[in-house]
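Taking it in order: structure first as structure tokens, then the write-up.
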Amino acid sequence: MFRLSAEPIDPGALARSLSDPRAGACATFEGWVRSRNDGRPVRSLEYEAYLPLAEKEGARILAEAAARFPLLRAACVHRTGALALGELAVWVGVTAEHRGAAFDACRYIIDEAKARVPIWKREHYADGTAGWINAAPAAGGPPPPP
Amino acid sequence: MFRLSAEPIDPGALARSLSDPRAGACATFEGWVRSRNDGRPVRSLEYEAYLPLAEKEGARILAEAAARFPLLRAACVHRTGALALGELAVWVGVTAEHRGAAFDACRYIIDEAKARVPIWKREHYADGTAGWINAAPAAGGPPPPP
Amino acid sequence: MKSVRVRYFAILREQRGLAEERLETGALTAGEIYAELSARHGFTLPPERLRAALNDEFAPWGATVREGDILAFIPPVAGG
Amino acid sequence: MKSVRVRYFAILREQRGLAEERLETGALTAGEIYAELSARHGFTLPPERLRAALNDEFAPWGATVREGDILAFIPPVAGG
């Protein structure tokens with residue numbers, strides 16, 4: 001299940017939704033809004049998404065993960081709208097019988113989601129300026145993780 | 001922070017305890033009691049630990065992870081006593097600026113904890129028998145993950 | 001000439017000053033339409049940094065755009 | 001002869017029938033004490049499948065055990 005959420009994400013409820021009697025492992029990833037990016041103090045940020053295409057691409061990524069790894073269930077929820085420092089921006093969870101598949105699939109999903117799902121981040125800096133991430137005319141240097 | 005817990009683990013509270021304004025990533029691992037192991041239906045299980053040595057070895061593993069990976073905070077809590085199917089047996093969480101370190105450190109901690117911390121698992125099977133895992137006189141075949 | 005719906009996101013939406021418009025154009029492909037709009041509005045992103053989407057699905061720049069299609073330009077994504 | 005506290009866990013605790021005992025022994029090392037106890041109680045695990053711990057810290061089998069020490073035998077672990 002991939003979805004975009006304009007409301008705060010509830011990680012506990014999401015993790016419970018992945019439970020399965022066969023599951024021995026649950027790996028999760030949470031992306032949090034941090035107070036600096038590339039050395040600049042960040043005050044808040046906003047996410048914009050191309051809704052129908054983002055949901056299609058997200059569902060494709062989850063289907064790919066299920067085909068590549070022996071997982072039981074997987075979910076990814078990404079926030080849209082304005083977020084404060086420390087808020088949960090994206091949640092990924094995977095259950096599997098064994099931990100290798102849970103970790104590998106979780107990482108696959110977040111790596112692909114960040115590279116492919118049409119979601120954009122605009123950071124508001126402490127000095128009052130703001131900017132879209134990755135929007136420079138030339139792709140300069142390696143893209144910052146995560 | 002590594003500890004053993006005779007009481008149910010609260011993953012939400014643990015994840016909050018890892019928050020840090022610089023953290024952009026939180027990777028967690030949960031080990032759940034599953035309904036079969038090596039093809040045998042499991043009814044419940046119990047964990048026994050060598051308390052002072054388990055806590056020392058767990059603390060060493062967390063210190064090693066902090067030395068190897070650029071993480072911000074890390075915690076691991078392992079249950080002791082009787083557990084029902086689906087219950088949370090072990091929780092690992094790591095926060096870092098970037099997701100690579102969070103994933104790598106989380107996996108390092110659970111891999112090492114399972115290999116080194118003196119904790120033992122006794123499974124109770126649906127047919128009324130029970131047995132200690134990994135306790136065969138000869139180490140037969142690869143140890144089962146996770 | 002045909003009428004196409006164009007959607008803009010993120011920096012392109014800011015540079016265009018709106019999120020969606022109806023465009024009358026004689027251009028044939030997604031790439032030709034981006035070139036036309038880019039020249040008119042001064043978009044800073046070159047096409048090699050963008051992807052095109054047609055009717056809510058990714059499409060190659062050479063895809064033919066038809067009457068009534070929804071065309072979108074996807075700036076480099078930055079989720080997570 | 002000296003007096004040593006011996007702790008048993010998991011399958012060793014079951015096979016010994018108790019979790020801890022005080023042992024009077026003339027054996028010098030952790031390995032010699034395990035051999036003595038294993039012969040007496042029929043432990044199924046060979047020493048190469050175990051680790052020794054002395055005073056709540058891992059120790060080599062050749063470690064000298066002294067009066068009053070706490071000696072533990074660690075069966076193959078199985079956390080998680």
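Just so we're on the same page: first chain in the structure tokens is A, next is B, and so on; residues restart at 1 for each chain, and ligands are numbered from 1 in the order they show up.
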
Original post:
Which of chain D counts as helix (DSSP H, G or I) under DSSP, as number ranges by chain please?
Top reply: D: 10-16, 30-41, 47-49

Subject >> Polymer residues at most 6 Å from Tyr47 of chain B, only C-alpha atoms, same-chain spacing of 3 or more positions, as number ranges by chain >> reply: B: 80-81, 120-121

Can you write just those residues out, N, CA, C and O atoms, as a CSV table (one decimal), in the first residue's frame?
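For reference, selection-v1.csv as written:
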```
chain,number,residue,atom,x,y,z
B,80,THR,N,12.5,-10.8,27.7
B,80,THR,CA,12.8,-12.0,28.4
B,80,THR,C,11.4,-12.6,28.9
B,80,THR,O,10.4,-11.8,28.9
B,81,GLY,N,11.4,-13.8,29.2
B,81,GLY,CA,10.2,-14.4,29.7
B,81,GLY,C,9.3,-15.0,28.6
B,81,GLY,O,9.8,-15.3,27.5
B,120,TRP,N,18.7,-17.0,25.2
B,120,TRP,CA,18.3,-18.3,24.6
B,120,TRP,C,16.8,-18.3,24.4
B,120,TRP,O,16.0,-17.8,25.2
B,121,LYS,N,16.4,-19.0,23.4
B,121,LYS,CA,15.0,-19.1,23.0
B,121,LYS,C,14.5,-20.6,23.1
B,121,LYS,O,15.1,-21.5,22.6
```

Please identify every residue of chain B that has at least one atom no farther than 6 Å from an atom of chain D, counting only C-alpha atoms, and for each give the shortest atom pair and the distance in Å to one decimal, arranged by chain then increasing number, as CSV.
```
residue,atom,partner,partner_atom,distance
B:Gly31,CA,D:Gly80,CA,5.8
B:Leu53,CA,D:Asp56,CA,5.3
B:Val90,CA,D:Gly80,CA,5.6
B:Lys114,CA,D:Gly79,CA,5.0
B:Pro118,CA,D:Val77,CA,5.4
B:Ile119,CA,D:Gly79,CA,5.0
B:Trp120,CA,D:Ala78,CA,4.7
B:Lys121,CA,D:Ala78,CA,5.6
B:Asn134,CA,D:Pro76,CA,6.0
B:Pro137,CA,D:Leu45,CA,4.7
```

**OP:** Find the residues near Ile33 of chain D: any atom within 10 Å, counting only C-alpha atoms, skip ones fewer than 2 places away on the same chain, and give them as an MDAnalysis selection string.
**Re:** chainID D and resid 4 6 23 25:31 35:39 61 65 71

Original post:
So which one's closest to chain A, B:Leu72, B:Ala59, B:Ala89, B:Ala27? Using only C-alpha atoms, please.
Top reply: B:Ala27

Restrict the calculation to only C-alpha atoms, then for each residue of chain A with any atom at most 7 Å from an atom of chain B give the closest atom pair and their distance in Å to one decimal, rows by chain and rising residue number, as JSON lines.
```
{"residue": "A:Gly12", "atom": "CA", "partner": "B:Gly12", "partner_atom": "CA", "distance": 6.6}
{"residue": "A:Pro21", "atom": "CA", "partner": "B:Ser35", "partner_atom": "CA", "distance": 5.5}
{"residue": "A:Arg22", "atom": "CA", "partner": "B:Arg34", "partner_atom": "CA", "distance": 5.1}
{"residue": "A:Ala23", "atom": "CA", "partner": "B:Arg34", "partner_atom": "CA", "distance": 5.6}
{"residue": "A:Gly24", "atom": "CA", "partner": "B:Trp32", "partner_atom": "CA", "distance": 4.7}
{"residue": "A:Ala25", "atom": "CA", "partner": "B:Gly31", "partner_atom": "CA", "distance": 4.7}
{"residue": "A:Cys26", "atom": "CA", "partner": "B:Glu30", "partner_atom": "CA", "distance": 5.0}
{"residue": "A:Ala27", "atom": "CA", "partner": "B:Phe29", "partner_atom": "CA", "distance": 4.5}
{"residue": "A:Thr28", "atom": "CA", "partner": "B:Thr28", "partner_atom": "CA", "distance": 5.1}
{"residue": "A:Phe29", "atom": "CA", "partner": "B:Ala27", "partner_atom": "CA", "distance": 4.5}
{"residue": "A:Glu30", "atom": "CA", "partner": "B:Cys26", "partner_atom": "CA", "distance": 4.9}
{"residue": "A:Gly31", "atom": "CA", "partner": "B:Ala25", "partner_atom": "CA", "distance": 4.7}
{"residue": "A:Trp32", "atom": "CA", "partner": "B:Gly24", "partner_atom": "CA", "distance": 4.7}
{"residue": "A:Val33", "atom": "CA", "partner": "B:Gly24", "partner_atom": "CA", "distance": 5.9}
{"residue": "A:Arg34", "atom": "CA", "partner": "B:Arg22", "partner_atom": "CA", "distance": 5.1}
{"residue": "A:Ser35", "atom": "CA", "partner": "B:Pro21", "partner_atom": "CA", "distance": 5.5}
{"residue": "A:Arg36", "atom": "CA", "partner": "B:Arg22", "partner_atom": "CA", "distance": 6.7}
{"residue": "A:Gly86", "atom": "CA", "partner": "B:Pro21", "partner_atom": "CA", "distance": 6.3}
{"residue": "A:His98", "atom": "CA", "partner": "B:Pro146", "partner_atom": "CA", "distance": 5.2}
{"residue": "A:Arg99", "atom": "CA", "partner": "B:Pro146", "partner_atom": "CA", "distance": 5.7}
{"residue": "A:Pro145", "atom": "CA", "partner": "B:His98", "partner_atom": "CA", "distance": 5.8}
{"residue": "A:Pro146", "atom": "CA", "partner": "B:His98", "partner_atom": "CA", "distance": 5.3}
```

Subject >> Residue set, chain C restricted to strand (DSSP E), as a PyMOL selection string >> reply: chain C and resi 2-7+20-25+51-54+58-59+70-74

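You will find atom CA of Glu48 of chain A at 19.5 Å from atom CA of Ile109 of chain A.
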
Original post:
What is the atom CA of Glu32 of chain C-atom CA of Arg16 of chain C distance in Å, reported with one decimal?
Top reply: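 Going from atom CA of Glu32 of chain C over to atom CA of Arg16 of chain C covers 17.2 Å.
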
Subject >> Between atom CA of Leu51 of chain B and atom CA of Ala6 of chain B - distance in Å to one decimal >> reply: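 Interatomic distance here is 11.3 Å.
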
**OP:** Name all residues at most 8 Å from Glu7 of chain A (count only C-alpha atoms; drop same-chain ones fewer than 2 positions away) and give them as a PyMOL selection string.
**Re:** chain A and resi 5+9+79-80

Just the selected residues (all heavy atoms), exported as a CSV table (one decimal), in the first residue's frame, please.
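New file selection.csv:
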```csv
chain,number,residue,atom,x,y,z
A,5,SER,N,-0.2,11.5,2.1
A,5,SER,CA,-1.1,11.9,3.3
A,5,SER,C,-0.9,13.4,3.6
A,5,SER,O,0.3,13.8,3.8
A,5,SER,CB,-0.8,11.1,4.5
A,5,SER,OG,-1.4,11.6,5.6
A,9,ILE,N,1.4,11.3,9.9
A,9,ILE,CA,1.5,9.8,9.7
A,9,ILE,C,1.5,9.2,11.1
A,9,ILE,O,2.2,9.6,12.0
A,9,ILE,CB,2.8,9.5,8.9
A,9,ILE,CG1,2.7,10.1,7.5
A,9,ILE,CG2,3.0,8.0,8.9
A,9,ILE,CD1,4.0,10.0,6.7
A,79,ARG,N,4.2,12.2,3.3
A,79,ARG,CA,3.4,13.4,3.6
A,79,ARG,C,3.4,14.4,2.5
A,79,ARG,O,4.4,14.4,1.7
A,79,ARG,CB,4.1,14.1,4.8
A,79,ARG,CG,3.6,13.6,6.2
A,79,ARG,CD,2.1,13.9,6.4
A,79,ARG,NE,1.7,15.3,6.3
A,79,ARG,CZ,1.9,16.2,7.2
A,79,ARG,NH1,2.4,15.9,8.4
A,79,ARG,NH2,1.4,17.4,7.0
A,80,THR,N,2.4,15.2,2.4
A,80,THR,CA,2.4,16.4,1.6
A,80,THR,C,2.0,17.6,2.4
A,80,THR,O,1.6,17.4,3.6
A,80,THR,CB,1.3,16.3,0.5
A,80,THR,OG1,0.0,16.0,1.1
A,80,THR,CG2,1.6,15.1,-0.5
```

**OP:** Might you pull out every residue within 6 Å of Arg5 of chain C, with only C-alpha atoms counted and same-chain residues fewer than 4 positions away left off, and present them as a PyMOL selection string?
**Re:** chain C and resi 21-22+70

Keeping all heavy atoms, export the residues of the selection given above as a PDB file, in the first residue's frame.
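Everything below was put into selection00.pdb:
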```pdb
ATOM      1  N   GLU C  21      -2.830  25.114 -17.111  1.00  0.00           N
ATOM      2  CA  GLU C  21      -3.387  26.009 -18.118  1.00  0.00           C
ATOM      3  C   GLU C  21      -3.858  25.189 -19.318  1.00  0.00           C
ATOM      4  O   GLU C  21      -3.464  24.035 -19.496  1.00  0.00           O
ATOM      5  CB  GLU C  21      -2.351  27.047 -18.559  1.00  0.00           C
ATOM      6  CG  GLU C  21      -1.169  26.486 -19.322  1.00  0.00           C
ATOM      7  CD  GLU C  21      -0.169  27.574 -19.703  1.00  0.00           C
ATOM      8  OE1 GLU C  21      -0.587  28.708 -19.985  1.00  0.00           O
ATOM      9  OE2 GLU C  21       1.047  27.280 -19.703  1.00  0.00           O
ATOM     10  N   ARG C  22      -4.695  25.821 -20.115  1.00  0.00           N
ATOM     11  CA  ARG C  22      -5.093  25.210 -21.380  1.00  0.00           C
ATOM     12  C   ARG C  22      -4.263  25.888 -22.467  1.00  0.00           C
ATOM     13  O   ARG C  22      -4.180  27.114 -22.520  1.00  0.00           O
ATOM     14  CB  ARG C  22      -6.596  25.431 -21.622  1.00  0.00           C
ATOM     15  CG  ARG C  22      -7.144  24.642 -22.787  1.00  0.00           C
ATOM     16  CD  ARG C  22      -8.657  24.531 -22.731  1.00  0.00           C
ATOM     17  NE  ARG C  22      -9.107  23.600 -21.707  1.00  0.00           N
ATOM     18  CZ  ARG C  22      -9.164  22.271 -21.864  1.00  0.00           C
ATOM     19  NH1 ARG C  22      -8.774  21.722 -23.001  1.00  0.00           N
ATOM     20  NH2 ARG C  22      -9.601  21.520 -20.888  1.00  0.00           N
ATOM     21  N   ILE C  70      -3.680  15.555 -21.201  1.00  0.00           N
ATOM     22  CA  ILE C  70      -3.099  16.263 -20.050  1.00  0.00           C
ATOM     23  C   ILE C  70      -1.595  16.031 -20.092  1.00  0.00           C
ATOM     24  O   ILE C  70      -1.132  14.892 -19.986  1.00  0.00           O
ATOM     25  CB  ILE C  70      -3.658  15.738 -18.716  1.00  0.00           C
ATOM     26  CG1 ILE C  70      -5.183  15.824 -18.697  1.00  0.00           C
ATOM     27  CG2 ILE C  70      -3.052  16.519 -17.550  1.00  0.00           C
ATOM     28  CD1 ILE C  70      -5.808  15.053 -17.541  1.00  0.00           C
TER      29      ILE C  70
END
```

Original post:
What's the 9 Å shell around Glu24 of chain C, counting only C-alpha atoms, without same-chain residues fewer than 6 positions away, as a PyMOL selection string?
Top reply: chain C and resi 1-4
